[in-house]
Amino acid sequence: MNKRLFVLLVALMSLSLIGIISVQFLWIKQSVEDKEEQFSNTVSEVLNEVSDKIEERETKDYFERYINIKDSVGEPKSSHLRNIFFIDRDINSNEIRFYSHGILEEDYNIASTFFDNGNGSDTVATIKNYTSKRSKTIFKEDFGLDGKEYKLNAVQKLEKIGGLSAIEKAQFEDVFSEYAKKVPIHKRVSNQEIQLLLNRELKNRNLNIDYEYGVYSRGLPTKVKSRKFKFDKDMLYETAIFKDSEGASNFSLLISFPKKKKFLIQSIIKMALLSLLFTLVIVIAYSGAIYQLIRQKQISEIKSDFINNMTHEFKTPIATINLAVEAIRNPKIIGDPEKVDRYLTMIREENKRMHAQVENVLRISKLEKNQLDISKDRVDVHDIIEDAIAHVELIVSDRGGYIETHLNAGRTEVLASEMHFTNVIVNILDNAIKYSSKAPRIDIYTEVAKNYIVIEIKDQGAGMSKAVVKKVFEKFYREHTGDLHNVKGHGLGLAYVKKIVDDHQGEVYAESEKGKGSTFYIKLPLI
């Protein structure tokens with residue numbers, strides 16, 4: 001895939017993912033705001049309903065007290081305040097309709113302690129009642145046979161004494177409310193009544209949430225409040241209570257919800273969590289896809305380098321073998337046993353070299369597929385180290401270097417595969433030799449740390465940067481060697497080391513600094 005196209009696709013996918021996540025968070029925020037607005041509207045309805053019911057109850061109480069006093073007096077004195085008459089004559093039917101509507105004033109002629117203002121004194125009230133009296137009478141005109149006698153007979157008479165009109169009733173209630181203003185608030189409404197009404201109205205609207213309430217008079221607290229109520233302007237909902245005919249009031253019913261935020265979040269938490277879960281799945285899937293794309297691209301490049309390197313690794317031995325074979329076929333050479341033996345030795349060594357490379361590749365492949373059969377026995381770590389040194393000692397001596405051992409571990413027996421673990425030490429030593437531009441100088445230390453033996457292989461070669469140290473155990477990874485053009489390999493040696501050490505329940509890691517050499521640590525559990 002073209003690099004620019006790859007970057008463009010990743011950028012577009014990233015922008016789309018960021019957009020999806022942003023939309024999800026905006027949706028959650030909007031849902032919380034909508035829930036809060038809905039909650040506020042519902043609470044306002046509850047407060048208005050509670051206020052109305054308290055006022056209705058108070059008015060009803062006064063009416064009942066008024067009726068009781070009225071009934072105890074007996075027959076009141078009545079007088080007409082005003083009376084309206086209406087007369088209509090129907091010529092065809094000879095009927096006369098007489099209609100009257102008047103207001104009766106009933107004076108009970110008593111002074112009653114009707115209202116208690118709570119100050120130790122009583123308010124004197126004269127009890128009067130006003131009712132509406134309506135009557136309708138239909139008269140029939142009759143003339144005698146001689147046409148001289150005239151009579152007016154009442155054929156229908158209806159009389160109705162009823163209540164006042166809505167306007168008059170409102171005036172009547174206004175009178176009571178004026179008297180009630182003198183009564184202390186804690187005698188007009190109780191904590192039990194407010195709590196009962198609030199519980200009922202909140203339950204009817206499915207608001208199962210703790211609350212605190214209080215009644216304030218002109219901004220000052222009264223005795224009517226819940227035990228934990230605190231005034232917090234930003235957290236309160238308010239409505240007027242005991243309003244007069246003009247809608248004004250000195251009292252306010254306030255309510256607060258200490259756990260409102262938790263309640264609102266819980267109302268959308270399920271949908272929000274599902275949304276976040278699916279978004280997280282998308283993010284993980286997207287990240288995995290991008291990682292795999294980048295990884296595959298890197299692997300593709302590494303494999304290309306590996307193929308090129310392997311081609312170079314095999315090209316030289318093959319060329320050497322071809323030259324040796326051609327030399328042996330020369331009649332002058334074939335008669336010289338010493339030269340023939342020399343060329344045959346070269347062919348054998350180059351063949352072994354290619355075979356070793358193939359075996360290394362096959363070992364890694366089997367380890368990747370978990371097909372490598374590793375049988376483990378009780379072995380001595382110091383013996384394995386000495387055996388590994390023997391494999392590379394001639395090469396080190398030939399380059400004028402040295403390998404010194406400092407084997408200080410008191411316990412050395414581990415459960416391991418002697419052959420594979422020897423290869424592990426050889427591979428690390430081989431790296432130390434290859435990446436030393438001068439004579440290789442290598443020190444090997446052992447020590448016991450708790451129930452582990454630690455092998456430390458320290459060289460004074462080219463060293464590695466921190467970025468290289470992080471990747472040095474990856475398959476096919478090779479650092480660019482700069483001026484060290486003689487360094488050959490295909491990035492499998494240390495990958496093989498890590499696989500074998502991991503299979504032995506051990507740990508391998510490296511420390512290095514550019515230009516100051518590297519130190520490899522192998523940590524294995526002791527028997």
# chains A, B, ... in the order shown; residues from 1 in each chain; ligands from 1
call {"tool": "residues_around", "arguments": {"residues": "range 257-261 of chain A", "least_positions_apart": "6", "cutoff": "7 Å", "atoms": "only C-alpha atoms", "output": "PDB file with N, CA and C atoms, in the first residue's frame"}}
result
ATOM      1  N   ASP A 210     -34.685  11.335  48.050  1.00  0.00           N
ATOM      2  CA  ASP A 210     -34.727  12.030  49.343  1.00  0.00           C
ATOM      3  C   ASP A 210     -34.785  13.548  49.122  1.00  0.00           C
ATOM      4  N   TYR A 211     -35.478  14.224  50.048  1.00  0.00           N
ATOM      5  CA  TYR A 211     -35.617  15.675  49.921  1.00  0.00           C
ATOM      6  C   TYR A 211     -35.628  16.322  51.303  1.00  0.00           C
ATOM      7  N   GLU A 212     -35.409  17.619  51.315  1.00  0.00           N
ATOM      8  CA  GLU A 212     -35.537  18.443  52.515  1.00  0.00           C
ATOM      9  C   GLU A 212     -36.383  19.660  52.141  1.00  0.00           C
TER      10      GLU A 212
END
